[in-house]
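Data block for upload13.csv (CSV, C-alpha atoms):
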```
chain,number,residue,atom,x,y,z
A,13,MET,CA,59.1,31.6,-13.7
A,14,SER,CA,56.8,29.8,-16.1
A,15,GLU,CA,53.1,30.7,-16.3
A,16,PRO,CA,51.9,27.2,-15.2
A,17,THR,CA,54.2,27.4,-12.1
A,18,GLU,CA,52.8,30.9,-11.2
A,19,GLU,CA,49.3,29.6,-11.6
A,20,ARG,CA,50.0,26.6,-9.3
A,21,LEU,CA,51.5,28.9,-6.6
A,22,ARG,CA,48.5,31.3,-6.9
A,23,ARG,CA,46.1,28.4,-6.3
A,24,TRP,CA,48.2,27.1,-3.4
A,25,ARG,CA,48.2,30.6,-1.9
A,26,LEU,CA,44.4,30.6,-2.1
A,27,VAL,CA,44.1,27.1,-0.5
A,28,LEU,CA,46.6,27.7,2.3
A,29,GLY,CA,45.3,31.2,3.0
A,30,GLY,CA,48.3,32.9,4.5
A,31,SER,CA,50.9,35.4,3.4
A,32,ASP,CA,53.7,33.4,5.1
A,33,ASP,CA,52.6,30.0,3.7
A,34,GLY,CA,55.8,29.5,1.8
A,35,THR,CA,54.4,30.0,-1.7
A,36,GLY,CA,55.8,33.6,-2.0
A,37,ALA,CA,52.7,34.5,-4.1
A,38,ASP,CA,50.9,37.8,-3.6
A,39,LEU,CA,47.2,38.2,-4.3
A,40,SER,CA,45.5,41.2,-5.9
A,41,GLY,CA,42.3,42.1,-7.5
A,42,ASP,CA,39.6,39.5,-7.5
A,43,ASP,CA,42.0,36.9,-6.0
A,44,ALA,CA,42.4,39.1,-2.9
A,45,LYS,CA,38.6,39.5,-2.6
A,46,VAL,CA,38.1,35.7,-2.9
A,47,ASP,CA,40.7,35.2,-0.2
A,48,ALA,CA,39.1,37.8,2.1
A,49,ALA,CA,35.7,36.1,1.7
A,50,LEU,CA,37.1,32.7,2.6
A,51,ALA,CA,39.1,34.2,5.5
A,52,ALA,CA,36.0,35.9,7.0
A,53,LEU,CA,34.4,32.4,7.3
A,54,TYR,CA,37.1,29.9,7.8
A,55,ASP,CA,39.7,32.0,9.7
A,56,SER,CA,37.1,33.2,12.3
A,57,ASP,CA,37.7,30.5,14.9
A,58,GLN,CA,40.6,32.2,16.7
A,59,ARG,CA,43.0,29.7,15.1
A,60,PRO,CA,44.7,31.2,12.0
A,61,ARG,CA,45.0,28.7,9.1
A,62,THR,CA,48.8,29.5,8.9
A,63,GLY,CA,51.1,30.9,11.5
A,64,ASP,CA,50.0,34.5,10.9
A,65,PRO,CA,48.5,35.8,14.1
A,66,LYS,CA,47.1,38.8,12.2
A,67,ARG,CA,45.1,36.7,9.9
A,68,ALA,CA,41.8,36.1,11.6
A,69,GLY,CA,38.9,37.5,9.6
A,70,ASN,CA,35.3,37.4,10.8
A,71,LEU,CA,31.8,38.5,9.9
A,72,ALA,CA,31.0,39.7,13.4
A,73,ALA,CA,27.4,40.1,14.6
A,74,SER,CA,26.5,42.6,11.9
A,75,ALA,CA,23.8,42.2,9.4
A,76,PRO,CA,25.2,44.7,6.9
A,77,ARG,CA,28.6,43.0,7.0
A,78,VAL,CA,27.1,39.6,6.5
A,79,ALA,CA,25.0,40.9,3.6
A,80,ARG,CA,28.1,42.3,1.9
A,81,TRP,CA,29.9,39.0,2.5
A,82,LEU,CA,26.9,37.1,0.9
A,83,GLY,CA,27.1,39.4,-2.1
A,84,ASP,CA,30.8,38.7,-2.4
A,85,ILE,CA,30.6,35.0,-2.3
A,86,ARG,CA,27.7,35.0,-4.9
A,87,THR,CA,30.0,37.1,-7.2
A,88,TYR,CA,33.0,34.8,-6.9
A,89,PHE,CA,31.6,31.3,-6.4
A,90,PRO,CA,29.1,29.1,-8.2
A,91,ALA,CA,25.7,28.6,-6.5
A,92,SER,CA,26.5,25.1,-5.3
A,93,VAL,CA,29.6,26.4,-3.4
A,94,VAL,CA,27.7,29.4,-2.1
A,95,GLN,CA,25.1,27.1,-0.5
A,96,VAL,CA,27.9,25.2,1.2
A,97,MET,CA,29.6,28.4,2.5
A,98,GLN,CA,26.2,29.7,3.8
A,99,LYS,CA,25.6,26.5,5.7
A,100,ASP,CA,29.1,26.6,7.2
A,101,ALA,CA,28.6,30.3,8.1
A,102,ILE,CA,25.3,29.6,9.9
A,103,GLU,CA,26.9,26.7,11.9
A,104,ARG,CA,30.4,28.1,12.5
A,105,LEU,CA,29.6,31.7,13.2
A,106,ASN,CA,26.2,31.3,14.9
A,107,LEU,CA,24.3,33.6,12.4
A,108,THR,CA,20.9,32.1,13.3
A,109,ARG,CA,19.7,35.3,14.9
A,110,LEU,CA,20.6,37.4,11.9
A,111,LEU,CA,18.5,35.1,9.7
A,112,LEU,CA,15.5,36.8,11.4
A,113,GLU,CA,16.2,40.0,9.5
A,114,PRO,CA,14.4,40.3,6.2
A,115,GLU,CA,17.2,42.2,4.5
A,116,LEU,CA,19.6,39.4,5.2
A,117,LEU,CA,17.2,36.7,4.0
A,118,GLU,CA,16.8,38.5,0.7
A,119,ALA,CA,20.5,38.2,0.1
A,120,ILE,CA,20.9,34.5,0.8
A,121,GLU,CA,21.0,31.8,-1.9
A,122,PRO,CA,18.0,29.6,-0.8
A,123,ASP,CA,18.5,25.9,-0.4
A,124,VAL,CA,17.2,22.9,1.6
A,125,HIS,CA,19.5,23.6,4.6
A,126,LEU,CA,18.4,27.2,4.9
A,127,VAL,CA,14.7,26.1,4.8
A,128,GLY,CA,15.4,23.7,7.7
A,129,THR,CA,17.1,26.5,9.7
A,130,LEU,CA,14.1,28.9,9.1
A,131,LEU,CA,11.6,26.2,10.1
A,132,SER,CA,13.5,25.7,13.4
A,133,LEU,CA,13.1,29.5,14.0
A,134,ASN,CA,9.4,29.5,13.2
A,135,ASP,CA,8.2,30.1,16.8
A,136,VAL,CA,10.5,33.1,17.4
A,137,MET,CA,10.3,34.6,13.9
A,138,PRO,CA,9.0,38.2,14.0
A,139,GLU,CA,6.1,39.1,11.7
A,140,ALA,CA,8.4,41.4,9.7
A,141,THR,CA,10.4,38.4,8.6
A,142,ARG,CA,7.7,35.8,8.2
A,143,ASP,CA,6.6,36.9,4.6
A,144,THR,CA,10.2,36.9,3.4
A,145,ALA,CA,10.9,33.5,5.0
A,146,ARG,CA,7.8,32.1,3.4
A,147,ALA,CA,8.9,33.4,0.0
A,148,VAL,CA,12.4,31.7,0.5
A,149,VAL,CA,10.7,28.4,1.5
A,150,ALA,CA,8.3,28.6,-1.5
A,151,LYS,CA,11.2,29.2,-3.9
A,152,VAL,CA,13.1,26.1,-2.6
A,153,VAL,CA,9.9,24.0,-2.7
A,154,ASP,CA,9.2,25.1,-6.3
A,155,GLN,CA,12.7,24.1,-7.3
A,156,LEU,CA,12.5,20.7,-5.7
A,157,GLU,CA,9.1,20.0,-7.2
A,158,ALA,CA,10.4,20.9,-10.7
A,159,ARG,CA,13.4,18.6,-10.1
A,160,LEU,CA,11.5,15.6,-8.6
A,161,SER,CA,7.8,15.6,-9.6
A,162,GLN,CA,7.8,14.3,-13.1
A,163,ARG,CA,10.3,11.5,-12.3
A,164,THR,CA,8.2,10.5,-9.3
A,165,ARG,CA,4.9,10.4,-11.2
A,166,SER,CA,6.4,8.4,-14.0
A,167,ALA,CA,8.0,5.8,-11.7
A,168,ILE,CA,4.9,5.4,-9.5
A,169,THR,CA,2.4,5.2,-12.5
A,170,GLY,CA,4.6,2.6,-14.2
A,171,ALA,CA,4.8,0.6,-11.0
A,172,LEU,CA,1.1,0.7,-10.4
A,173,ASN,CA,0.4,-0.5,-14.0
A,174,ARG,CA,3.0,-3.3,-13.7
A,175,ALA,CA,1.6,-4.3,-10.3
A,176,ALA,CA,-1.9,-4.7,-11.8
A,177,ARG,CA,-1.5,-8.0,-13.6
A,178,THR,CA,-3.9,-9.4,-16.1
A,179,SER,CA,-4.3,-12.9,-17.7
A,180,ARG,CA,-5.6,-11.4,-20.9
A,181,PRO,CA,-3.1,-8.8,-22.2
A,182,ARG,CA,-4.5,-7.1,-25.2
A,183,ARG,CA,-1.3,-6.1,-26.9
A,184,GLN,CA,2.1,-7.8,-27.2
A,185,ALA,CA,3.6,-4.8,-25.4
A,186,ASP,CA,1.5,-5.6,-22.4
A,187,ILE,CA,2.9,-9.1,-21.9
A,188,ASP,CA,5.1,-9.7,-18.9
A,189,TRP,CA,7.5,-12.2,-20.5
A,190,GLN,CA,9.4,-13.0,-17.4
A,191,ARG,CA,6.3,-14.0,-15.5
A,192,THR,CA,4.8,-15.7,-18.5
A,193,ILE,CA,7.8,-17.9,-19.1
A,194,HIS,CA,8.0,-18.8,-15.4
A,195,ALA,CA,4.4,-19.8,-15.3
A,196,ASN,CA,4.7,-22.0,-18.4
A,197,LEU,CA,8.0,-23.8,-17.8
A,198,ARG,CA,6.2,-27.1,-17.6
A,199,HIS,CA,5.1,-26.7,-21.2
A,200,TYR,CA,8.7,-26.6,-22.5
A,201,GLN,CA,9.1,-28.6,-25.8
A,202,PRO,CA,12.6,-30.1,-25.9
A,203,GLN,CA,12.5,-31.0,-29.6
A,204,GLN,CA,11.5,-27.5,-30.6
A,205,ARG,CA,13.5,-26.0,-27.8
A,206,THR,CA,10.7,-23.6,-27.0
A,207,ILE,CA,7.9,-23.0,-24.5
A,208,VAL,CA,4.3,-23.2,-25.6
A,209,PRO,CA,2.5,-20.8,-23.3
A,210,GLU,CA,-0.8,-22.1,-22.0
A,211,ARG,CA,-1.6,-18.7,-20.4
A,212,LEU,CA,-0.2,-15.2,-20.8
A,213,ILE,CA,0.5,-12.8,-17.9
A,214,GLY,CA,0.4,-9.2,-18.7
A,215,TYR,CA,0.6,-5.7,-17.2
A,216,GLY,CA,-2.6,-4.1,-16.3
A,217,ARG,CA,-3.6,-0.7,-17.6
A,218,ARG,CA,-4.0,2.4,-15.5
A,219,GLN,CA,-6.9,2.1,-13.0
A,220,GLN,CA,-8.9,5.0,-11.6
A,221,ALA,CA,-9.5,3.4,-8.1
A,222,VAL,CA,-7.1,3.9,-5.3
A,223,GLN,CA,-4.5,1.1,-5.5
A,224,ARG,CA,-2.2,1.9,-2.6
A,225,ASP,CA,-2.4,3.8,0.7
A,226,VAL,CA,0.8,5.5,1.7
A,227,VAL,CA,1.6,6.8,5.1
A,228,LEU,CA,4.7,9.1,5.6
A,229,CYS,CA,5.6,9.1,9.3
A,230,ILE,CA,8.4,11.7,9.8
A,231,ASP,CA,10.6,12.4,12.7
A,232,GLN,CA,10.9,16.2,13.1
A,233,SER,CA,13.9,16.2,15.5
A,234,GLY,CA,16.5,18.8,14.6
A,235,SER,CA,18.8,16.4,12.8
A,236,MET,CA,16.1,15.4,10.4
A,237,ALA,CA,15.5,18.9,9.0
A,238,SER,CA,16.4,18.2,5.3
A,239,SER,CA,14.3,15.0,5.4
A,240,VAL,CA,11.3,16.9,6.6
A,241,VAL,CA,11.6,19.3,3.7
A,242,TYR,CA,12.0,16.6,1.0
A,243,SER,CA,9.1,14.6,2.6
A,244,ALA,CA,6.8,17.5,2.3
A,245,VAL,CA,7.6,17.9,-1.4
A,246,PHE,CA,7.2,14.1,-2.1
A,247,GLY,CA,4.0,14.0,0.0
A,248,ALA,CA,2.5,16.7,-2.1
A,249,VAL,CA,3.5,15.0,-5.4
A,250,LEU,CA,2.2,11.6,-4.3
A,251,ALA,CA,-1.1,13.2,-3.0
A,252,SER,CA,-1.8,14.6,-6.4
A,253,MET,CA,-2.0,11.1,-7.9
A,254,ALA,CA,-5.5,9.6,-7.9
A,255,SER,CA,-4.2,6.0,-7.6
A,256,LEU,CA,-2.7,6.7,-4.1
A,257,ARG,CA,-4.2,7.7,-0.8
A,258,MET,CA,-1.7,9.8,1.1
A,259,SER,CA,-1.3,10.5,4.8
A,260,LEU,CA,1.5,12.5,6.3
A,261,VAL,CA,2.2,12.8,10.0
A,262,VAL,CA,5.2,14.4,11.8
A,263,PHE,CA,6.2,13.7,15.3
A,264,ASP,CA,8.5,14.5,18.2
A,265,THR,CA,7.0,13.6,21.6
A,266,ALA,CA,3.7,14.6,20.1
A,267,VAL,CA,2.1,13.6,16.8
A,268,VAL,CA,0.7,16.1,14.3
A,269,ASP,CA,-1.3,14.9,11.3
A,270,LEU,CA,-0.6,17.3,8.4
A,271,THR,CA,-2.5,15.4,5.7
A,272,ASP,CA,-4.9,18.3,5.1
A,273,HIS,CA,-2.0,20.5,4.1
A,274,LEU,CA,-0.6,18.2,1.4
A,275,ALA,CA,-1.9,20.4,-1.3
A,276,ASP,CA,0.3,23.2,-0.1
A,277,PRO,CA,3.8,21.9,0.9
A,278,VAL,CA,4.9,25.4,2.1
A,279,GLU,CA,2.0,25.6,4.5
A,280,LEU,CA,2.8,22.0,5.6
A,281,LEU,CA,6.4,22.9,6.3
A,282,PHE,CA,5.4,25.8,8.5
A,283,GLY,CA,3.1,23.4,10.4
A,284,THR,CA,6.2,21.4,11.5
A,285,GLN,CA,8.2,22.2,14.6
A,286,LEU,CA,11.8,21.0,14.3
A,287,GLY,CA,13.6,20.0,17.5
A,288,GLY,CA,12.4,18.4,20.7
A,289,GLY,CA,12.3,14.8,21.8
A,290,THR,CA,11.2,11.7,20.0
A,291,ASP,CA,8.4,9.1,20.6
A,292,ILE,CA,8.4,6.8,17.6
A,293,ASN,CA,6.1,4.3,19.2
A,294,ARG,CA,3.4,7.0,19.7
A,295,ALA,CA,3.7,8.1,16.1
A,296,LEU,CA,3.4,4.5,14.9
A,297,ALA,CA,0.4,4.0,17.1
A,298,TYR,CA,-1.3,6.9,15.5
A,299,SER,CA,-0.3,5.8,12.0
A,300,GLN,CA,-1.9,2.4,12.7
A,301,GLN,CA,-5.2,4.1,13.1
A,302,LEU,CA,-4.9,5.4,9.6
A,303,ILE,CA,-4.5,2.0,8.0
A,304,ALA,CA,-7.7,0.4,6.7
A,305,ARG,CA,-6.2,-1.9,4.1
A,306,PRO,CA,-3.0,-3.4,5.5
A,307,ASN,CA,-2.2,-5.5,2.4
A,308,ASN,CA,-2.3,-2.4,0.2
A,309,THR,CA,-0.5,0.0,2.5
A,310,ILE,CA,3.1,1.3,2.5
A,311,LEU,CA,4.2,2.9,5.7
A,312,VAL,CA,7.5,4.9,5.4
A,313,LEU,CA,9.0,5.8,8.7
A,314,ILE,CA,11.7,8.4,8.4
A,315,SER,CA,13.7,8.6,11.6
A,316,ASP,CA,17.2,8.3,13.1
A,317,LEU,CA,15.6,5.7,15.4
A,318,PHE,CA,16.7,7.3,18.7
A,319,GLU,CA,13.6,6.4,20.6
A,320,GLY,CA,12.7,8.5,23.6
A,321,GLY,CA,9.7,6.2,24.4
A,322,ILE,CA,9.7,2.4,25.0
A,323,GLU,CA,11.9,0.7,22.5
A,324,GLU,CA,10.5,-2.8,22.9
A,325,GLU,CA,7.0,-1.6,22.3
A,326,MET,CA,8.1,0.4,19.3
A,327,LEU,CA,9.7,-2.7,17.8
A,328,ARG,CA,6.7,-4.9,18.6
A,329,ARG,CA,4.4,-2.4,16.9
A,330,ILE,CA,6.5,-2.5,13.7
A,331,GLY,CA,6.4,-6.3,13.9
A,332,ALA,CA,2.7,-6.2,14.2
A,333,LEU,CA,2.3,-3.9,11.3
A,334,THR,CA,4.5,-6.1,9.1
A,335,ASN,CA,2.6,-9.3,10.2
A,336,ALA,CA,-0.7,-7.6,9.3
A,337,GLY,CA,0.6,-7.2,5.7
A,338,VAL,CA,1.8,-3.6,5.8
A,339,GLN,CA,5.0,-2.8,3.8
A,340,VAL,CA,7.1,-1.0,6.3
A,341,ILE,CA,10.1,1.0,5.0
A,342,VAL,CA,12.5,2.6,7.5
A,343,LEU,CA,14.7,5.5,6.2
A,344,LEU,CA,17.4,6.9,8.4
A,345,ALA,CA,17.3,10.0,6.2
A,346,LEU,CA,15.6,11.3,3.0
A,347,SER,CA,18.2,13.8,1.9
A,348,ASP,CA,21.4,14.3,0.0
A,349,ASP,CA,23.4,14.5,3.3
A,350,GLY,CA,23.9,10.8,3.7
A,351,ALA,CA,22.9,8.8,6.9
A,352,PRO,CA,23.0,10.9,10.1
A,353,ALA,CA,24.0,9.5,13.5
A,354,TYR,CA,21.4,6.8,14.3
A,355,ASP,CA,20.5,4.2,16.8
A,356,HIS,CA,22.5,1.1,15.6
A,357,HIS,CA,20.8,-1.2,18.2
A,358,ASN,CA,17.3,-0.4,16.9
A,359,ALA,CA,18.5,-0.6,13.3
A,360,ALA,CA,19.9,-4.0,13.9
A,361,ALA,CA,16.7,-5.2,15.6
A,362,LEU,CA,14.7,-4.1,12.6
A,363,ALA,CA,17.1,-5.9,10.2
A,364,GLY,CA,16.5,-9.0,12.3
A,365,MET,CA,12.8,-8.6,11.5
A,366,GLY,CA,13.6,-8.4,7.8
A,367,ILE,CA,13.2,-4.6,7.7
A,368,PRO,CA,16.5,-2.9,6.7
A,369,ALA,CA,17.1,0.7,7.8
A,370,PHE,CA,19.0,2.9,5.4
A,371,ALA,CA,19.4,6.4,4.1
A,372,CYS,CA,17.8,7.3,0.8
A,373,THR,CA,18.6,10.2,-1.6
A,374,PRO,CA,15.7,12.2,-3.0
A,375,ASP,CA,16.7,11.1,-6.5
A,376,ALA,CA,16.3,7.5,-5.6
A,377,PHE,CA,13.1,7.8,-3.6
A,378,SER,CA,10.7,7.4,-6.6
A,379,ASP,CA,12.4,4.1,-7.5
A,380,LEU,CA,12.2,3.0,-3.9
A,381,MET,CA,8.4,3.6,-3.9
A,382,ALA,CA,8.1,1.9,-7.2
A,383,THR,CA,9.9,-1.2,-5.8
A,384,ALA,CA,7.5,-1.2,-2.8
A,385,ILE,CA,4.4,-0.9,-5.0
A,386,GLU,CA,5.5,-3.9,-7.1
A,387,ARG,CA,6.3,-5.7,-3.8
A,388,ARG,CA,9.9,-6.4,-4.8
A,389,ASP,CA,12.5,-7.0,-2.2
A,390,ILE,CA,13.3,-3.7,-0.4
A,391,GLY,CA,16.5,-5.1,1.2
A,392,GLU,CA,17.9,-6.2,-2.2
A,393,TRP,CA,17.0,-2.8,-3.6
A,394,ALA,CA,18.9,-1.1,-0.7
A,395,GLN,CA,21.9,-3.3,-1.2
A,396,ARG,CA,22.1,-2.3,-4.8
A,397,GLN,CA,21.8,1.4,-4.0
A,398,LEU,CA,24.4,1.3,-1.2
A,399,ALA,CA,26.9,-1.0,-3.1
A,400,PRO,CA,30.0,0.9,-4.3
A,401,PRO,CA,30.2,1.4,-8.1
A,402,GLY,CA,32.2,-1.0,-10.1
```
What would the structure in this file look like if it were written as structure tokens?
Amino acid sequence: MSEPTEERLRRWRLVLGGSDDGTGADLSGDDAKVDAALAALYDSDQRPRTGDPKRAGNLAASAPRVARWLGDIRTYFPASVVQVMQKDAIERLNLTRLLLEPELLEAIEPDVHLVGTLLSLNDVMPEATRDTARAVVAKVVDQLEARLSQRTRSAITGALNRAARTSRPRRQADIDWQRTIHANLRHYQPQQRTIVPERLIGYGRRQQAVQRDVVLCIDQSGSMASSVVYSAVFGAVLASMASLRMSLVVFDTAVVDLTDHLADPVELLFGTQLGGGTDINRALAYSQQLIARPNNTILVLISDLFEGGIEEEMLRRIGALTNAGVQVIVLLALSDDGAPAYDHHNAAALAGMGIPAFACTPDAFSDLMATAIERRDIGEWAQRQLAPPG
């Protein structure tokens, strides 16, 4: 048998996961350990992946066994795969209780999903675990800030400068040629085939005064866990910019203003309480009280739009905010997970008001905020983001 054929059979044996899968391939060494790690997770639902009734691995409710398994998968799989397997293990094998043990937390590869799970356990977390959990959350927050902060600051600063127009640009590089040409079309000279600009329109330079107020209004129901984590990080980054005035509120059936914790996103996250009901209208009513300059305010509502309160009143309130001049952006999610299940009726009602509801990835959020600051069309931006490539 040729080497390529043997390699293909070996790979199929690992994929199919059973000794009687028809490949005739045997596993040994590291391959056998990889297969055992996969079997412990994905063959643990009482339904063997092949016809082999003996093949049904599991992790059982044992912290030492789980810790060994976590060590195995970190040895044989890259970090991105490890994070997926950990998430699957928590969901499929109900390992939530074991996450309250410090020794187990120290063995886990930290990621956004793990942070969401830990935050949901905040009220039942024993003191012995709290410091370890806080360290895990802090590590993920640091990673996210390193990934997102510079891009966000650059995009927002550029947008603020472009949004501050001037009729006396000092340098050629400051001239906004598109707006200048549009403003001077009536001065077109057919013979010379050129435009003689009567006035120039340029980009403004950075200003020290607060130019925009931003309110992040975040649904903290269980399905929004990743969005809460990313929102805390973005809130902290935006709050560090002198040109923005940030407010951050989270809500379920109650509303909690966490603006005072924006300097410490880890503390902010531990101030949330994932799960519970949803009263979007109440959260919007509170957010309204924070708005002093409607024409210079961007309100970002992050929610799956399942309203436990009065839907009609919630929609009327969003309409009132928009009519007052507030730029309202509705995100079904702010995460890498895509759009969750959401209320299509409310999303359609918002679209009828000219407010599209869509999911946004963290990598695109800075560009979304820049679009809002420059008062460009959010719906058009969303269509470009959601359009398939090619």
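Minimum atom-to-atom distances from A:Leu346, A:Val127, A:Leu313, A:Leu362 to Arg328 in chain A were compared using only C-alpha atoms, and the lowest value belongs to A:Leu362.
Distances from A:Leu317, A:Leu112, A:Met381, A:Leu343 to Asp355 in chain A were compared using all atoms listed in the file, and the smallest one belongs to A:Leu317.
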Name all residues at most 12 Å from Asp123 in chain A (count all atoms listed in the file; drop same-chain ones fewer than 6 positions away) and give them as number ranges by chain.
A: 91-99, 117, 129-130, 148-156, 238, 241-242, 348
Which residues, written as a list of chain:residue names, have at least one atom at most 9 Å from Tyr88 in chain A, with all atoms listed in the file counted and residues fewer than 3 positions away on the same chain left out?
A:Asp42, A:Lys45, A:Val46, A:Gly83, A:Asp84, A:Ile85, A:Val94
Please, what distance in Å, to one decimal, runs between CA of Ile330 in chain A and CA of Asn173 in chain A?
28.4 Å
If we draw a sphere of 8 Å around (-4.8, 9.1, -4.4), which residues have at least one atom in it when counting all atoms listed in the file? Please report them as a short mmCIF file (atom, residue, chain, number, x, y, z; two decimals) with C-alpha atoms, in the coordinates of the input.
```cif
data_model
loop_
_atom_site.label_atom_id
_atom_site.label_comp_id
_atom_site.auth_asym_id
_atom_site.auth_seq_id
_atom_site.Cartn_x
_atom_site.Cartn_y
_atom_site.Cartn_z
CA VAL A 222 -7.10 3.90 -5.30
CA ARG A 224 -2.20 1.90 -2.60
CA ASP A 225 -2.40 3.80 0.70
CA LEU A 250 2.20 11.60 -4.30
CA ALA A 251 -1.10 13.20 -3.00
CA SER A 252 -1.80 14.60 -6.40
CA MET A 253 -2.00 11.10 -7.90
CA ALA A 254 -5.50 9.60 -7.90
CA SER A 255 -4.20 6.00 -7.60
CA LEU A 256 -2.70 6.70 -4.10
CA ARG A 257 -4.20 7.70 -0.80
CA MET A 258 -1.70 9.80 1.10
#
```
Would you kindly return, as an MDAnalysis selection string, each protein, DNA or RNA residue with an atom no farther than 9 Å from any atom of Met236 in chain A, considering only C-alpha atoms and excluding same-chain residues fewer than 3 positions away?
chainID A and resid 128 230:233 239:241 286:287 314:316 344:347 352
Write a file of the just-selected residues containing C-alpha atoms, as a compact mmCIF listing (two decimals), in the coordinates of the input.
```
# COMPACT_ATOMS: atom_id res chain seq x y z
CA GLY A 128 15.40 23.70 7.70
CA ILE A 230 8.40 11.70 9.80
CA ASP A 231 10.60 12.40 12.70
CA GLN A 232 10.90 16.20 13.10
CA SER A 233 13.90 16.20 15.50
CA SER A 239 14.30 15.00 5.40
CA VAL A 240 11.30 16.90 6.60
CA VAL A 241 11.60 19.30 3.70
CA LEU A 286 11.80 21.00 14.30
CA GLY A 287 13.60 20.00 17.50
CA ILE A 314 11.70 8.40 8.40
CA SER A 315 13.70 8.60 11.60
CA ASP A 316 17.20 8.30 13.10
CA LEU A 344 17.40 6.90 8.40
CA ALA A 345 17.30 10.00 6.20
CA LEU A 346 15.60 11.30 3.00
CA SER A 347 18.20 13.80 1.90
CA PRO A 352 23.00 10.90 10.10
```
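Closest to Ala382 in chain A among A:Ala336, A:Ile292, A:Ala167, A:Ala266 is A:Ala167, based on all atoms listed in the file.
Picture a line from CA of Leu274 in chain A to CA of Ala248 in chain A; it runs 4.9 Å.
The nearest approach to Gly247 in chain A among the residues A:Asp349, A:Asp291, A:Glu323, A:Asp272, with only C-alpha atoms taken into account, belongs to A:Asp272.
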Using all atoms listed in the file, give me every residue within 12 Å of (5.6, -3.6, 8.6) in file coordinates, as a PyMOL selection string.
chain A and resi 227+296+299-300+303+306-313+326-342+362-363+365-368+384+390
Could you check the closest approach to Ile168 in chain A for each of A:Cys229, A:Leu270, A:Ala353, A:Leu380 and tell me which residue wins, using all atoms listed in the file?
A:Leu380
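Counting only C-alpha atoms, the residue from A:Ile193, A:Ala244, A:Ala295, A:Leu105 that sits nearest to Glu157 in chain A is A:Ala244.
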Which residues are near Thr383 in chain A? Cut-off 9 Å, all atoms listed in the file, ignore same chain within fewer than 6 positions. Put them as a PyMOL selection string.
chain A and resi 171+389-390+393
Reconstructed N, CA and C atoms for range 323-336 of chain A, given as a CSV table (one decimal), keeping the file's coordinate frame:
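Final file, part_25.csv:
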```
chain,number,residue,atom,x,y,z
A,323,GLU,N,11.4,1.4,23.7
A,323,GLU,CA,11.9,0.7,22.5
A,323,GLU,C,11.3,-0.6,22.2
A,324,GLU,N,11.1,-1.4,23.2
A,324,GLU,CA,10.5,-2.8,22.9
A,324,GLU,C,9.1,-2.7,22.4
A,325,GLU,N,8.3,-1.7,22.9
A,325,GLU,CA,7.0,-1.6,22.3
A,325,GLU,C,7.0,-1.0,20.9
A,326,MET,N,7.9,-0.1,20.6
A,326,MET,CA,8.1,0.4,19.3
A,326,MET,C,8.4,-0.8,18.3
A,327,LEU,N,9.4,-1.6,18.7
A,327,LEU,CA,9.7,-2.7,17.8
A,327,LEU,C,8.6,-3.7,17.6
A,328,ARG,N,7.9,-4.0,18.7
A,328,ARG,CA,6.7,-4.9,18.6
A,328,ARG,C,5.6,-4.3,17.7
A,329,ARG,N,5.5,-3.0,17.8
A,329,ARG,CA,4.4,-2.4,16.9
A,329,ARG,C,4.8,-2.6,15.4
A,330,ILE,N,6.1,-2.3,15.1
A,330,ILE,CA,6.5,-2.5,13.7
A,330,ILE,C,6.3,-3.9,13.3
A,331,GLY,N,6.7,-4.9,14.2
A,331,GLY,CA,6.4,-6.3,13.9
A,331,GLY,C,5.0,-6.6,13.6
A,332,ALA,N,4.1,-6.0,14.4
A,332,ALA,CA,2.7,-6.2,14.2
A,332,ALA,C,2.2,-5.7,12.9
A,333,LEU,N,2.7,-4.5,12.5
A,333,LEU,CA,2.3,-3.9,11.3
A,333,LEU,C,2.7,-4.8,10.1
A,334,THR,N,4.0,-5.3,10.2
A,334,THR,CA,4.5,-6.1,9.1
A,334,THR,C,3.7,-7.4,9.0
A,335,ASN,N,3.4,-8.0,10.2
A,335,ASN,CA,2.6,-9.3,10.2
A,335,ASN,C,1.2,-9.1,9.6
A,336,ALA,N,0.7,-7.9,9.8
A,336,ALA,CA,-0.7,-7.6,9.3
A,336,ALA,C,-0.7,-7.4,7.8
```
